[in-house]
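All remarks here apply to the structure that follows.
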Amino acid sequence: MDVTIRNLPDRFDGYRLVQLTDLHISKFYERPWVAKVVEKTNALEPDLIVITGDLIDGELPLRYDDVQPLHDLVAPDGVITIPGNHEYYFGYENWMRHYGGLNMLTLENDHIVLDRDGDKLTIAGVTDLRAGNTDRPEPDVAKALEGRPQNAPVILLDHQPKMARDAAPLGVDLQLSGHTHGGMVWGFDNIVAMVNGGFVSGMYDIDGMQLYVNNGTAQWPGFAIRVGVPAELTVITLRKG
């Protein structure tokens, strides 16, 4: 899909991201499936790959072999990920270190600035709301944006969409989220939306900030059902507004 960004610099007009989210690599989604996702993603030739949390379901020793194909994800501007709630259930520190070894940059209330001949684009990422239950830093969009170039549009990666209204006044242009799996079952989406700030699937406008809630690339093993809600491997092309 195309997403129009106000004041997008010329050099980023046509910039392509692939968003993966909620891979839930587990006994249901093992190494062969992960390798196929990597192959399909690389074939799209994105400029940047972002993974918006819940990569895994299981401790690192159990899932070590299954996640290894992620090392082969390739994009000129790399692979950026953020933690989802499930990373906090299965050995958070171990997984964060391991993601780095897979050539993925994890943003935890931080940002990077992409630069193309002086034109800039900010990619920010926050921790997950689950962090507050584990005595780790809670998501903080303001902190993630500290020191960013004021003239650079901002894309925010936040696993859960429910706090999007708090991000909108902080200068975020586009927030990419997951977590909801699109409601999983048609008709159940209204209930899922109720516990996620009213957001469940697709694009929303929040006071000029765009929020995209991805249906997810896989399924949660605890409720591995989809009816009328397709999984996604999502290509986002930025367009100058």
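Chain lettering (A, B, ...) mirrors the order of the structure tokens, residue numbering begins at 1 for each chain separately, and ligand numbering begins at 1 in order of display.
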
- Task: Quick one: everything within 10 Å of A:Gly100, counting only C-alpha atoms, minus sequence neighbours fewer than 6 positions away in the same chain. Send it as a PyMOL selection string.
- Result: chain A and resi 71+80-81+106

Query raised in the report: Which residues come within 7 Å of A:Ile155, counting only C-alpha atoms, excluding same-chain residues fewer than 4 positions away, as a PyMOL selection string?
Result: chain A and resi 122-124+172-175

Task: Per-residue DSSP, stretch 139-221 of chain A, filtered to helix (DSSP H, G or I), as a PyMOL selection string - done: chain A and resi 141-144+161-170+181-183+189-194+221

Write a file of the just-selected residues containing N, CA and C atoms, as a PDB file, in the first residue's frame.
```pdb
ATOM      1  N   VAL A 141       7.364   7.378  24.183  1.00  0.00           N
ATOM      2  CA  VAL A 141       7.533   7.956  22.849  1.00  0.00           C
ATOM      3  C   VAL A 141       8.357   9.238  22.921  1.00  0.00           C
ATOM      4  N   ALA A 142       8.100  10.070  23.926  1.00  0.00           N
ATOM      5  CA  ALA A 142       8.845  11.325  24.051  1.00  0.00           C
ATOM      6  C   ALA A 142      10.351  11.056  24.162  1.00  0.00           C
ATOM      7  N   LYS A 143      10.716  10.068  24.971  1.00  0.00           N
ATOM      8  CA  LYS A 143      12.134   9.716  25.100  1.00  0.00           C
ATOM      9  C   LYS A 143      12.676   9.187  23.782  1.00  0.00           C
ATOM     10  N   ALA A 144      11.879   8.365  23.104  1.00  0.00           N
ATOM     11  CA  ALA A 144      12.332   7.801  21.826  1.00  0.00           C
ATOM     12  C   ALA A 144      12.621   8.880  20.798  1.00  0.00           C
ATOM     13  N   PRO A 161      -1.272  -0.959  19.562  1.00  0.00           N
ATOM     14  CA  PRO A 161      -1.788   0.304  19.024  1.00  0.00           C
ATOM     15  C   PRO A 161      -2.522   1.172  20.036  1.00  0.00           C
ATOM     16  N   LYS A 162      -2.800   0.659  21.231  1.00  0.00           N
ATOM     17  CA  LYS A 162      -3.747   1.335  22.116  1.00  0.00           C
ATOM     18  C   LYS A 162      -3.295   2.707  22.592  1.00  0.00           C
ATOM     19  N   MET A 163      -1.964   2.997  22.545  1.00  0.00           N
ATOM     20  CA  MET A 163      -1.461   4.291  23.015  1.00  0.00           C
ATOM     21  C   MET A 163      -1.256   5.286  21.875  1.00  0.00           C
ATOM     22  N   ALA A 164      -1.798   4.993  20.709  1.00  0.00           N
ATOM     23  CA  ALA A 164      -1.544   5.834  19.534  1.00  0.00           C
ATOM     24  C   ALA A 164      -1.982   7.274  19.735  1.00  0.00           C
ATOM     25  N   ARG A 165      -3.046   7.491  20.466  1.00  0.00           N
ATOM     26  CA  ARG A 165      -3.519   8.871  20.667  1.00  0.00           C
ATOM     27  C   ARG A 165      -2.515   9.704  21.458  1.00  0.00           C
ATOM     28  N   ASP A 166      -1.679   9.056  22.255  1.00  0.00           N
ATOM     29  CA  ASP A 166      -0.642   9.779  22.986  1.00  0.00           C
ATOM     30  C   ASP A 166       0.533  10.138  22.084  1.00  0.00           C
ATOM     31  N   ALA A 167       0.749   9.351  21.046  1.00  0.00           N
ATOM     32  CA  ALA A 167       1.866   9.610  20.129  1.00  0.00           C
ATOM     33  C   ALA A 167       1.545  10.717  19.140  1.00  0.00           C
ATOM     34  N   ALA A 168       0.273  10.861  18.799  1.00  0.00           N
ATOM     35  CA  ALA A 168      -0.117  11.797  17.741  1.00  0.00           C
ATOM     36  C   ALA A 168       0.351  13.227  17.986  1.00  0.00           C
ATOM     37  N   PRO A 169       0.217  13.781  19.190  1.00  0.00           N
ATOM     38  CA  PRO A 169       0.640  15.177  19.378  1.00  0.00           C
ATOM     39  C   PRO A 169       2.143  15.378  19.495  1.00  0.00           C
ATOM     40  N   LEU A 170       2.919  14.298  19.458  1.00  0.00           N
ATOM     41  CA  LEU A 170       4.360  14.397  19.651  1.00  0.00           C
ATOM     42  C   LEU A 170       5.131  14.513  18.339  1.00  0.00           C
ATOM     43  N   HIS A 181      -3.728  -9.053  15.728  1.00  0.00           N
ATOM     44  CA  HIS A 181      -3.978 -10.091  14.721  1.00  0.00           C
ATOM     45  C   HIS A 181      -5.249  -9.801  13.928  1.00  0.00           C
ATOM     46  N   GLY A 182      -5.594  -8.517  13.851  1.00  0.00           N
ATOM     47  CA  GLY A 182      -6.776  -8.117  13.087  1.00  0.00           C
ATOM     48  C   GLY A 182      -8.083  -8.573  13.683  1.00  0.00           C
ATOM     49  N   GLY A 183      -8.038  -9.051  14.929  1.00  0.00           N
ATOM     50  CA  GLY A 183      -9.246  -9.581  15.561  1.00  0.00           C
ATOM     51  C   GLY A 183      -9.366 -11.082  15.446  1.00  0.00           C
ATOM     52  N   ASP A 189     -13.670  -9.036  16.003  1.00  0.00           N
ATOM     53  CA  ASP A 189     -12.795  -7.868  15.925  1.00  0.00           C
ATOM     54  C   ASP A 189     -13.292  -6.718  16.796  1.00  0.00           C
ATOM     55  N   ASN A 190     -14.582  -6.584  16.975  1.00  0.00           N
ATOM     56  CA  ASN A 190     -15.107  -5.500  17.808  1.00  0.00           C
ATOM     57  C   ASN A 190     -14.663  -5.643  19.257  1.00  0.00           C
ATOM     58  N   ILE A 191     -14.604  -6.860  19.736  1.00  0.00           N
ATOM     59  CA  ILE A 191     -14.160  -7.108  21.108  1.00  0.00           C
ATOM     60  C   ILE A 191     -12.671  -6.809  21.235  1.00  0.00           C
ATOM     61  N   VAL A 192     -11.887  -7.262  20.258  1.00  0.00           N
ATOM     62  CA  VAL A 192     -10.453  -7.008  20.277  1.00  0.00           C
ATOM     63  C   VAL A 192     -10.180  -5.507  20.221  1.00  0.00           C
ATOM     64  N   ALA A 193     -10.962  -4.782  19.419  1.00  0.00           N
ATOM     65  CA  ALA A 193     -10.791  -3.333  19.333  1.00  0.00           C
ATOM     66  C   ALA A 193     -11.042  -2.665  20.682  1.00  0.00           C
ATOM     67  N   MET A 194     -12.015  -3.143  21.416  1.00  0.00           N
ATOM     68  CA  MET A 194     -12.373  -2.529  22.695  1.00  0.00           C
ATOM     69  C   MET A 194     -11.212  -2.520  23.673  1.00  0.00           C
ATOM     70  N   PRO A 221       0.001 -19.013  19.026  1.00  0.00           N
ATOM     71  CA  PRO A 221      -0.297 -20.434  19.273  1.00  0.00           C
ATOM     72  C   PRO A 221      -1.425 -20.670  20.265  1.00  0.00           C
TER      73      PRO A 221
END
```

* Can you list, as a list in words, every protein, DNA or RNA residue that comes within 8 Å of stretch 27-42 of chain A when you count only C-alpha atoms, leaving out same-chain residues fewer than 4 positions away? ->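 Counting only the stated atoms, we get Val18, Leu23, Pro46, Asp65, Asp66, Val67, Gln68, Pro69, Leu70, Asp72, Leu73, Val74, Ala75, Ala218, Pro221 and Leu233 of chain A.
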
- Message: For stretch 8-16 of chain A, find every residue with an atom within 6 Å (counting only C-alpha atoms), except residues of its own chain fewer than 5 positions away, and show them as a PyMOL selection string.
- Response: chain A and resi 46-47+119+236-240

Given the choices A:Asn85, A:Asn103, A:Gln150, A:Thr21, which gets closest to A:Ala131 if the distance is worked out from only C-alpha atoms?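 Of A:Asn85, A:Asn103, A:Gln150, A:Thr21, the one nearest A:Ala131 is A:Asn85, counting only C-alpha atoms.
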
Computed gap from atom CA of A:Glu146 to atom CA of A:Trp95 is 25.6 Å

(request) Taking the chain letters and numbering used in this document, name the residues of stretch 50-234 of chain A that DSSP puts in strand (DSSP E), as a VMD selection string. (result) chain A and resid 50 to 52 79 to 82 104 to 106 110 to 116 119 to 125 154 to 157 174 to 177 202 to 206 209 to 213 234

Residues from last step as file, N, CA and C atoms, as a tab-separated table (two decimals), in the first residue's frame:
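Now in selection07.tsv:
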```
chain	number	residue	atom	x	y	z
A	50	VAL	N	11.03	-3.72	8.86
A	50	VAL	CA	10.72	-3.48	10.26
A	50	VAL	C	9.87	-4.64	10.78
A	51	ILE	N	10.16	-5.06	12.02
A	51	ILE	CA	9.41	-6.14	12.66
A	51	ILE	C	8.87	-5.58	13.96
A	52	THR	N	7.55	-5.47	14.06
A	52	THR	CA	6.95	-4.74	15.17
A	52	THR	C	6.50	-5.67	16.30
A	79	VAL	N	17.50	-4.09	9.12
A	79	VAL	CA	16.32	-4.67	9.75
A	79	VAL	C	16.21	-4.08	11.16
A	80	ILE	N	15.06	-3.49	11.44
A	80	ILE	CA	14.81	-2.88	12.74
A	80	ILE	C	13.66	-3.62	13.40
A	81	THR	N	13.80	-3.90	14.69
A	81	THR	CA	12.72	-4.55	15.42
A	81	THR	C	12.50	-3.85	16.75
A	82	ILE	N	11.37	-4.14	17.35
A	82	ILE	CA	11.03	-3.69	18.69
A	82	ILE	C	10.48	-4.89	19.46
A	104	MET	N	19.85	-7.63	13.54
A	104	MET	CA	18.66	-6.78	13.69
A	104	MET	C	18.95	-5.72	14.75
A	105	LEU	N	18.56	-4.49	14.47
A	105	LEU	CA	18.69	-3.40	15.42
A	105	LEU	C	17.39	-3.29	16.20
A	106	THR	N	17.48	-3.42	17.52
A	106	THR	CA	16.30	-3.28	18.37
A	106	THR	C	16.24	-1.88	18.93
A	110	ASP	N	14.02	4.59	21.58
A	110	ASP	CA	15.14	5.24	20.89
A	110	ASP	C	14.77	5.42	19.42
A	111	HIS	N	15.66	6.05	18.67
A	111	HIS	CA	15.40	6.26	17.25
A	111	HIS	C	16.71	6.24	16.47
A	112	ILE	N	16.59	6.08	15.15
A	112	ILE	CA	17.69	6.29	14.24
A	112	ILE	C	17.23	7.28	13.18
A	113	VAL	N	18.19	7.89	12.52
A	113	VAL	CA	17.89	8.84	11.44
A	113	VAL	C	18.49	8.30	10.15
A	114	LEU	N	17.65	8.07	9.17
A	114	LEU	CA	18.11	7.68	7.84
A	114	LEU	C	18.42	8.93	7.05
A	115	ASP	N	19.52	8.91	6.32
A	115	ASP	CA	19.98	10.10	5.59
A	115	ASP	C	20.26	9.73	4.15
A	116	ARG	N	19.61	10.43	3.25
A	116	ARG	CA	19.87	10.25	1.82
A	116	ARG	C	20.21	11.61	1.23
A	119	ASP	N	18.64	14.54	2.94
A	119	ASP	CA	17.24	14.34	3.29
A	119	ASP	C	17.15	13.30	4.40
A	120	LYS	N	16.30	13.55	5.40
A	120	LYS	CA	16.28	12.70	6.59
A	120	LYS	C	14.90	12.13	6.88
A	121	LEU	N	14.90	10.94	7.46
A	121	LEU	CA	13.69	10.26	7.90
A	121	LEU	C	14.01	9.59	9.23
A	122	THR	N	13.17	9.83	10.24
A	122	THR	CA	13.38	9.27	11.57
A	122	THR	C	12.55	8.00	11.74
A	123	ILE	N	13.21	6.94	12.21
A	123	ILE	CA	12.52	5.70	12.59
A	123	ILE	C	12.70	5.54	14.09
A	124	ALA	N	11.60	5.58	14.82
A	124	ALA	CA	11.63	5.46	16.28
A	124	ALA	C	10.93	4.18	16.71
A	125	GLY	N	11.33	3.67	17.86
A	125	GLY	CA	10.70	2.46	18.38
A	125	GLY	C	10.64	2.49	19.89
A	154	VAL	N	8.58	11.36	11.02
A	154	VAL	CA	8.79	10.31	12.01
A	154	VAL	C	7.89	9.12	11.74
A	155	ILE	N	8.48	7.94	11.65
A	155	ILE	CA	7.74	6.69	11.65
A	155	ILE	C	8.01	6.01	12.98
A	156	LEU	N	6.95	5.71	13.72
A	156	LEU	CA	7.06	5.10	15.05
A	156	LEU	C	6.65	3.64	14.98
A	157	LEU	N	7.47	2.80	15.58
A	157	LEU	CA	7.15	1.38	15.72
A	157	LEU	C	6.71	1.13	17.17
A	174	LEU	N	3.56	8.58	11.13
A	174	LEU	CA	3.01	7.25	10.85
A	174	LEU	C	3.42	6.31	11.96
A	175	GLN	N	2.46	5.66	12.58
A	175	GLN	CA	2.74	4.62	13.57
A	175	GLN	C	2.39	3.27	12.97
A	176	LEU	N	3.31	2.32	13.13
A	176	LEU	CA	3.10	0.95	12.68
A	176	LEU	C	2.99	0.05	13.90
A	177	SER	N	1.90	-0.70	13.97
A	177	SER	CA	1.65	-1.57	15.10
A	177	SER	C	1.17	-2.94	14.62
A	202	GLY	N	-5.95	-2.29	9.99
A	202	GLY	CA	-5.97	-1.32	8.91
A	202	GLY	C	-5.53	0.06	9.33
A	203	MET	N	-5.90	1.05	8.52
A	203	MET	CA	-5.41	2.42	8.67
A	203	MET	C	-6.42	3.29	9.42
A	204	TYR	N	-5.86	4.10	10.33
A	204	TYR	CA	-6.67	5.05	11.09
A	204	TYR	C	-6.00	6.43	11.01
A	205	ASP	N	-6.81	7.48	11.07
A	205	ASP	CA	-6.29	8.84	11.17
A	205	ASP	C	-6.57	9.37	12.57
A	206	ILE	N	-5.51	9.79	13.24
A	206	ILE	CA	-5.63	10.29	14.61
A	206	ILE	C	-5.05	11.69	14.65
A	209	MET	N	-2.10	12.14	12.48
A	209	MET	CA	-1.15	11.03	12.49
A	209	MET	C	-1.82	9.79	11.92
A	210	GLN	N	-1.13	9.09	11.04
A	210	GLN	CA	-1.65	7.85	10.50
A	210	GLN	C	-1.18	6.68	11.36
A	211	LEU	N	-2.11	5.79	11.68
A	211	LEU	CA	-1.82	4.56	12.41
A	211	LEU	C	-2.19	3.38	11.52
A	212	TYR	N	-1.22	2.49	11.30
A	212	TYR	CA	-1.54	1.27	10.58
A	212	TYR	C	-1.39	0.08	11.52
A	213	VAL	N	-2.49	-0.67	11.68
A	213	VAL	CA	-2.49	-1.87	12.53
A	213	VAL	C	-2.49	-3.09	11.62
A	234	THR	N	3.50	-7.18	4.56
A	234	THR	CA	3.00	-5.87	4.15
A	234	THR	C	4.09	-4.99	3.58
```

Check: Using only C-alpha atoms, which residues sit within 7 Å of A:Glu232 once same-chain residues fewer than 4 positions away are excluded, as number ranges by chain?
Finding: A: 215-217

| message | When you count only C-alpha atoms, which of these residues is closest to A:Ile5: A:Glu59, A:Asp140, A:Asp135, A:Gly208? | response |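 For A:Ile5, the nearest of the candidates is A:Gly208.
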
Counting only C-alpha atoms, closest pick from A:Leu102, A:Val126, A:Val3, A:Val185 relative to A:Phe223 is A:Val185

If you measure from atom CA of A:Gly101 to atom CA of A:Tyr64, what distance in Å do you get, rounded to one decimal?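 Taking atom CA of A:Gly101 and atom CA of A:Tyr64, their separation equals 11.6 Å.
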
Exercise for the section: Using atom CA of A:Ile25 and atom CA of A:Asp57 as the two end points, give the distance in Å to one decimal. Expected result: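 About the pair atom CA of A:Ile25 and atom CA of A:Asp57: they are 5.7 Å apart.
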